[in-house]
Amino acid sequence: MIFVRRNTYILLSLAFIGLVAMFSFCACRKATIPRPYGYFRITTPPHQYHASQIGGAVCDISDYATLIPKSEEGFFDIHYPTLNADIHISYKPVRQNLRELSDDAMEFVYKHVQQVSSIPEQTFMNDDARVYGVLFHLEGNAASPYQFFLTDSTRHFLRGAAYCYCRPNADSLAPVHTFLDAELRHLIETLHWKQ
């Protein structure tokens, strides 16, 4: 009988020590705090430019970008390898079809209406260079945050759209969008038609 009591006492003691050890390990953990989702830090290069010919136009593009002519005549990509982004550009001569070309450009812009919160427009007019056009900023989670078209209304028509090759999240891509906005504005302001 004494032997049974002693084993029971040892088992109860070990169980008690095990429970104390388990509770002490659980009690030492810090409380978890919910944190917001984070995004990778995206750094953009400084703005530096050089002149390039795009179809019947000449404009400044970034030193960090590569102008890639496509197989179809009049189509180009300005590729930003460090940002995983492109500006797709198409150049077409105007042959009494300015209305059709501008309607096509507007249709491309307004295909994104359901994904964006608003589409502010900025008009550009450079009478000295005979460059007239509109830059569209598609605010929200659009695949193409910026689109534009430029023309002299008689001979030249150039349309462009910026694309980032990742999931369209305006918050996480804000630095890239800001960089592309400045790039497009500089391209538009320096563009002139080749004679």
# chains A, B, ... in the order shown; residues from 1 in each chain; ligands from 1

$ residues_around --residues "range 127-135 of chain A" --least-positions-apart "6" --cutoff "8 Å" --atoms "only C-alpha atoms" --output "ChimeraX atom specification"
/A:121,146-153,191-193

$ write_last_selection --atoms "C-alpha atoms" --output "compact mmCIF listing (two decimals), in the first residue's frame"
# COMPACT_ATOMS: atom_id res chain seq x y z
CA GLU A 121 -8.08 65.08 -68.09
CA TYR A 146 -2.06 57.11 -67.69
CA GLN A 147 -3.11 57.46 -71.30
CA PHE A 148 -2.70 60.31 -73.76
CA PHE A 149 -2.99 61.33 -77.36
CA LEU A 150 -1.28 64.12 -79.28
CA THR A 151 -1.89 65.52 -82.75
CA ASP A 152 -1.26 68.50 -84.98
CA SER A 153 -4.81 67.88 -86.35
CA LEU A 191 7.43 66.57 -78.34
CA HIS A 192 7.61 68.18 -81.78
CA TRP A 193 6.75 66.77 -85.18

$ select_by_dssp --residues "range 88-155 of chain A" --states "alpha helix (DSSP H)" --output "PyMOL selection string"
chain A and resi 98-110

$ write_last_selection --atoms "C-alpha atoms" --output "mmCIF file, in the first residue's frame"
data_model
loop_
_atom_site.group_PDB
_atom_site.id
_atom_site.type_symbol
_atom_site.label_atom_id
_atom_site.label_comp_id
_atom_site.auth_asym_id
_atom_site.auth_seq_id
_atom_site.Cartn_x
_atom_site.Cartn_y
_atom_site.Cartn_z
ATOM 1 C CA LEU A 98 -8.665 62.491 -87.207
ATOM 2 C CA ARG A 99 -12.131 61.946 -85.763
ATOM 3 C CA GLU A 100 -11.793 58.147 -86.027
ATOM 4 C CA LEU A 101 -8.306 58.178 -84.444
ATOM 5 C CA SER A 102 -9.372 60.386 -81.531
ATOM 6 C CA ASP A 103 -12.536 58.320 -80.964
ATOM 7 C CA ASP A 104 -10.412 55.142 -80.805
ATOM 8 C CA ALA A 105 -8.099 56.790 -78.266
ATOM 9 C CA MET A 106 -11.058 57.874 -76.116
ATOM 10 C CA GLU A 107 -12.558 54.372 -76.338
ATOM 11 C CA PHE A 108 -9.315 52.878 -74.972
ATOM 12 C CA VAL A 109 -9.443 55.309 -72.046
ATOM 13 C CA TYR A 110 -13.067 54.726 -71.144
#

$ atom_distance --atom1 "CA of Ile68 in chain A" --atom2 "CA of Tyr165 in chain A"
16.5 Å

$ atom_distance --atom1 "CA of His186 in chain A" --atom2 "CA of Glu72 in chain A"
25.8 Å

$ atom_distance --atom1 "CA of Cys164 in chain A" --atom2 "CA of Ile89 in chain A"
14.5 Å

$ closest_atom_pairs --of "range 129-162 of chain A" --to "range 75-80 of chain A" --cutoff "10 Å" --atoms "only C-alpha atoms" --output "CSV"
residue,atom,partner,partner_atom,distance
A:Leu158,CA,A:Phe75,CA,9.7
A:Arg159,CA,A:Phe75,CA,9.7
A:Gly160,CA,A:Asp77,CA,9.2
A:Ala161,CA,A:Asp77,CA,9.7
A:Ala162,CA,A:Ile78,CA,9.1

$ write_last_selection --atoms "N, CA and C atoms" --output "CSV table (one decimal), in the first residue's frame"
chain,number,residue,atom,x,y,z
A,158,LEU,N,-0.4,60.7,-82.4
A,158,LEU,CA,0.4,59.8,-81.5
A,158,LEU,C,-0.5,59.5,-80.2
A,159,ARG,N,-0.6,58.2,-79.9
A,159,ARG,CA,-1.3,57.8,-78.8
A,159,ARG,C,-0.4,57.0,-77.9
A,160,GLY,N,-0.6,57.1,-76.5
A,160,GLY,CA,0.2,56.3,-75.6
A,160,GLY,C,-0.5,55.9,-74.4
A,161,ALA,N,-0.1,54.8,-73.8
A,161,ALA,CA,-0.7,54.3,-72.6
A,161,ALA,C,0.4,53.7,-71.7
A,162,ALA,N,0.5,54.0,-70.4
A,162,ALA,CA,1.5,53.4,-69.5
A,162,ALA,C,0.9,52.2,-68.8

$ select_by_dssp --residues "range 87-191 of chain A" --states "strand (DSSP E)" --output "ChimeraX atom specification"
/A:87-93,116-118,121-126,131-137,139-140,146-151,156-164

$ residues_around --residues "range 45-50 of chain A" --least-positions-apart "5" --cutoff "7 Å" --atoms "only C-alpha atoms" --output "PDB file with N, CA and C atoms, in the first residue's frame"
ATOM      1  N   ASP A  60      11.752  63.806 -75.800  1.00  0.00           N
ATOM      2  CA  ASP A  60      12.712  63.336 -74.812  1.00  0.00           C
ATOM      3  C   ASP A  60      12.142  62.128 -74.075  1.00  0.00           C
ATOM      4  N   ILE A  61      12.973  61.085 -73.937  1.00  0.00           N
ATOM      5  CA  ILE A  61      12.607  59.950 -73.095  1.00  0.00           C
ATOM      6  C   ILE A  61      13.710  59.744 -72.062  1.00  0.00           C
ATOM      7  N   SER A  62      13.411  59.001 -71.041  1.00  0.00           N
ATOM      8  CA  SER A  62      14.322  58.804 -69.924  1.00  0.00           C
ATOM      9  C   SER A  62      15.580  58.045 -70.340  1.00  0.00           C
ATOM     10  N   ASP A  63      16.710  58.406 -69.718  1.00  0.00           N
ATOM     11  CA  ASP A  63      17.955  57.661 -69.926  1.00  0.00           C
ATOM     12  C   ASP A  63      17.837  56.245 -69.379  1.00  0.00           C
TER      13      ASP A  63
END
